[in-house]
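Colleague: Quick one, target07.pdb (PDB, C-alpha atoms):
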ATOM      1  CA  MET A  22      -8.428 -46.785  19.645
ATOM      2  CA  GLU A  23      -7.978 -47.745  15.989
ATOM      3  CA  SER A  24     -11.714 -47.565  15.336
ATOM      4  CA  LEU A  25     -11.781 -44.009  16.649
ATOM      5  CA  GLN A  26      -8.886 -43.042  14.393
ATOM      6  CA  SER A  27     -10.618 -44.558  11.382
ATOM      7  CA  PHE A  28     -13.738 -42.451  12.031
ATOM      8  CA  ALA A  29     -11.810 -39.235  12.757
ATOM      9  CA  PRO A  30     -11.641 -38.086   9.081
ATOM     10  CA  LEU A  31     -15.364 -38.741   8.669
ATOM     11  CA  ILE A  32     -16.205 -36.803  11.827
ATOM     12  CA  LEU A  33     -13.896 -33.968  10.757
ATOM     13  CA  MET A  34     -15.540 -33.779   7.309
ATOM     14  CA  PHE A  35     -19.009 -33.611   8.882
ATOM     15  CA  LEU A  36     -17.859 -30.856  11.225
ATOM     16  CA  VAL A  37     -16.432 -28.814   8.328
ATOM     17  CA  VAL A  38     -19.607 -29.263   6.263
ATOM     18  CA  TYR A  39     -21.726 -28.192   9.228
ATOM     19  CA  LEU A  40     -19.635 -25.113  10.017
ATOM     20  CA  PHE A  41     -19.235 -23.873   6.443
ATOM     21  CA  MET A  42     -22.468 -24.948   4.757
ATOM     22  CA  ILE A  43     -25.329 -25.956   7.031
ATOM     23  CA  ARG A  44     -24.981 -23.377   9.819
ATOM     24  CA  PRO A  45     -24.712 -20.295   7.537
ATOM     25  CA  GLN A  46     -27.712 -21.497   5.514
ATOM     26  CA  MET A  47     -29.787 -21.894   8.678
ATOM     27  CA  LYS A  48     -28.782 -18.385   9.807
ATOM     28  CA  ARG A  49     -29.679 -16.921   6.409
ATOM     29  CA  SER A  50     -33.056 -18.683   6.434
ATOM     30  CA  LYS A  51     -33.777 -17.342   9.922
ATOM     31  CA  ASN A  52     -32.905 -13.783   8.820
ATOM     32  CA  GLU A  53     -35.151 -14.048   5.734
ATOM     33  CA  LYS A  54     -38.093 -15.225   7.861
ATOM     34  CA  LYS A  55     -37.511 -12.325  10.270
ATOM     35  CA  PHE A  56     -37.369  -9.886   7.321
ATOM     36  CA  ALA A  57     -40.668 -11.210   5.929
ATOM     37  CA  ALA A  58     -42.307 -10.982   9.352
ATOM     38  CA  ASP A  59     -41.068  -7.411   9.967
ATOM     39  CA  LEU A  60     -42.462  -5.957   6.735
ATOM     40  CA  ASN A  61     -44.833  -3.009   7.129
ATOM     41  CA  ARG A  62     -47.132  -1.046   4.875
ATOM     42  CA  GLY A  63     -45.263   1.643   2.993
ATOM     43  CA  ASP A  64     -41.920  -0.220   2.957
ATOM     44  CA  LYS A  65     -40.102  -0.068  -0.348
ATOM     45  CA  VAL A  66     -39.036  -3.502  -1.520
ATOM     46  CA  ILE A  67     -37.487  -5.289  -4.473
ATOM     47  CA  THR A  68     -38.619  -8.749  -5.525
ATOM     48  CA  LYS A  69     -36.151 -11.515  -6.343
ATOM     49  CA  SER A  70     -37.002 -10.993 -10.011
ATOM     50  CA  GLY A  71     -35.984  -7.320  -9.741
ATOM     51  CA  MET A  72     -39.336  -5.541  -9.598
ATOM     52  CA  HIS A  73     -39.364  -2.410  -7.406
ATOM     53  CA  GLY A  74     -42.430  -1.388  -5.475
ATOM     54  CA  LYS A  75     -44.054  -0.209  -2.276
ATOM     55  CA  ILE A  76     -46.087  -2.462   0.014
ATOM     56  CA  LEU A  77     -49.758  -1.493   0.094
ATOM     57  CA  ASP A  78     -51.208  -4.398   2.068
ATOM     58  CA  LEU A  79     -49.977  -7.434   4.007
ATOM     59  CA  ASN A  80     -52.209 -10.500   4.263
ATOM     60  CA  ASP A  81     -52.158 -13.218   6.907
ATOM     61  CA  ASP A  82     -51.838 -15.942   4.279
ATOM     62  CA  GLY A  83     -48.241 -14.918   3.467
ATOM     63  CA  THR A  84     -48.980 -12.647   0.541
ATOM     64  CA  CYS A  85     -48.621  -8.918   0.055
ATOM     65  CA  ILE A  86     -49.896  -6.404  -2.448
ATOM     66  CA  ILE A  87     -47.208  -4.245  -4.018
ATOM     67  CA  GLU A  88     -47.716  -1.077  -6.022
ATOM     68  CA  SER A  89     -45.230  -0.617  -8.839
ATOM     69  CA  GLY A  90     -45.076   1.288 -12.092
ATOM     70  CA  ALA A  91     -47.167  -1.454 -13.700
ATOM     71  CA  GLY A  92     -49.935  -1.188 -11.105
ATOM     72  CA  LYS A  93     -50.905  -3.271  -8.093
ATOM     73  CA  MET A  94     -49.663  -6.854  -7.943
ATOM     74  CA  LYS A  95     -49.942  -9.673  -5.444
ATOM     75  CA  PHE A  96     -46.746 -11.478  -4.377
ATOM     76  CA  GLU A  97     -45.766 -14.090  -1.851
ATOM     77  CA  ARG A  98     -43.619 -12.649   0.930
ATOM     78  CA  SER A  99     -40.987 -15.229   0.064
ATOM     79  CA  ALA A 100     -40.639 -13.584  -3.375
ATOM     80  CA  LEU A 101     -39.208 -10.430  -1.790
ATOM     81  CA  SER A 102     -35.438 -10.121  -1.760
ATOM     82  CA  MET A 103     -34.039  -9.308   1.660
ATOM     83  CA  GLU A 104     -30.607  -8.255   0.386
ATOM     84  CA  LEU A 105     -31.837  -5.993  -2.410
ATOM     85  CA  SER A 106     -34.541  -4.407  -0.251
ATOM     86  CA  MET A 107     -32.053  -3.719   2.546
ATOM     87  CA  LYS A 108     -29.652  -2.081   0.068
ATOM     88  CA  LEU A 109     -32.467   0.035  -1.345
ATOM     89  CA  ASN A 110     -33.477   1.261   2.104
ATOM     90  CA  GLU A 111     -29.837   1.866   3.164
ATOM     91  CA  ASN A 112     -29.228   4.031   0.100
ATOM     92  CA  LYS A 113     -32.353   6.071   0.809
ATOM     93  CA  ASN A 114     -31.355   6.557   4.462
ATOM     94  CA  SER A 115     -27.758   7.497   3.645
ATOM     95  CA  THR A 116     -28.828  10.139   1.098
ATOM     96  CA  ILE A 117     -31.246  11.646   3.620
ATOM     97  CA  ILE A 118     -28.480  11.826   6.250
ATOM     98  CA  GLU A 119     -26.032  13.407   3.766
ATOM     99  CA  LYS A 120     -28.567  16.108   2.779
ATOM    100  CA  LYS A 121     -29.044  17.173   6.412
TER     101      LYS A 121
END
So that I can check it, write out the structure of this file as structure tokens.
Modeller:
Amino acid sequence: MESLQSFAPLILMFLVVYLFMIRPQMKRSKNEKKFAADLNRGDKVITKSGMHGKILDLNDDGTCIIESGAGKMKFERSALSMELSMKLNENKNSTIIEKK
């Protein structure tokens, strides 16, 4: 009984770390992989460095070609920001709905 009580704080700390740090990170990683897999030609995206562009081509090796104001560039799909791209597309959709 005493050995269980001595391990209770350690078990509780692990549970808190799992619930507040590990689990949300796993969920975020899963969502980012889904976002990268669901990309299509013509989607407007923003890279993690802040470059705006439109997807011209998606390759099987995990890269994509993006057209921006500077021309065509090749990026890894992991370099695309899910949050910024989703905000960009939400703003475009909301302005289209408001105009109708």
Colleague: Enumerate, as a list of chain:residue names, the residues matched when the PyMOL selection byres ((chain A and resi 93) around 12) is run on the file above.
Modeller: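 When the PyMOL selection byres ((chain A and resi 93) around 12) is applied, the selected residues are A:Met72, A:His73, A:Gly74, A:Lys75, A:Ile76, A:Leu77, A:Asp78, A:Cys85, A:Ile86, A:Ile87, A:Glu88, A:Ser89, A:Gly90, A:Ala91, A:Gly92, A:Met94, A:Lys95, A:Phe96.
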Colleague: May I ask for the distance between CA of Arg44 in chain A and CA of Pro30 in chain A, given in Å to one decimal place?
Modeller: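 CA of Pro30 in chain A lies 19.9 Å from CA of Arg44 in chain A.
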Colleague: Between A:Ala58, A:Gly63, A:Pro45, A:Gly71, single out the one closest to Thr84 in chain A, counting all atoms listed in the file.
Modeller: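 Selected residue with least distance to Thr84 in chain A: A:Ala58.
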Colleague: Would you compute the distance between CA of Asn52 in chain A and CA of Ala100 in chain A? Give it in Å to one decimal.
Modeller: 14.4 Å
Colleague: Got a sec: who's within 8 Å of range 107-110 of chain A, counting all atoms listed in the file, leaving out chain neighbours fewer than 6 positions off, as JSON, numbers by chain?
Modeller: {"A": [65, 66, 67]}
Colleague: How many Å separate CA of Thr68 in chain A from CA of Leu105 in chain A?
Modeller: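 The value is 8.0 Å.
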Colleague: So that I can see what lies close to Glu53 in chain A, please list as a PDB file with C-alpha atoms, in the coordinates of the input the residues with an atom at most 10 Å from it, counting all atoms listed in the file and leaving out residues fewer than 6 positions away in the same chain.
Modeller:
ATOM      1  CA  MET A  47     -29.787 -21.894   8.678  1.00  0.00           C
ATOM      2  CA  ASP A  59     -41.068  -7.411   9.967  1.00  0.00           C
ATOM      3  CA  ARG A  98     -43.619 -12.649   0.930  1.00  0.00           C
ATOM      4  CA  SER A  99     -40.987 -15.229   0.064  1.00  0.00           C
ATOM      5  CA  LEU A 101     -39.208 -10.430  -1.790  1.00  0.00           C
ATOM      6  CA  SER A 102     -35.438 -10.121  -1.760  1.00  0.00           C
ATOM      7  CA  MET A 103     -34.039  -9.308   1.660  1.00  0.00           C
ATOM      8  CA  GLU A 104     -30.607  -8.255   0.386  1.00  0.00           C
TER       9      GLU A 104
END
Colleague: Would you place a box with edges along x, y and z of the file around all atoms of range 43-57 of chain A listed there, add 3 Å to each of its six sides, and report the centre and edge lengths in Å to one decimal, as JSON?
Modeller:
{"center_x": -32.7, "center_y": -17.9, "center_z": 7.9, "size_x": 22.0, "size_y": 22.1, "size_z": 10.8}
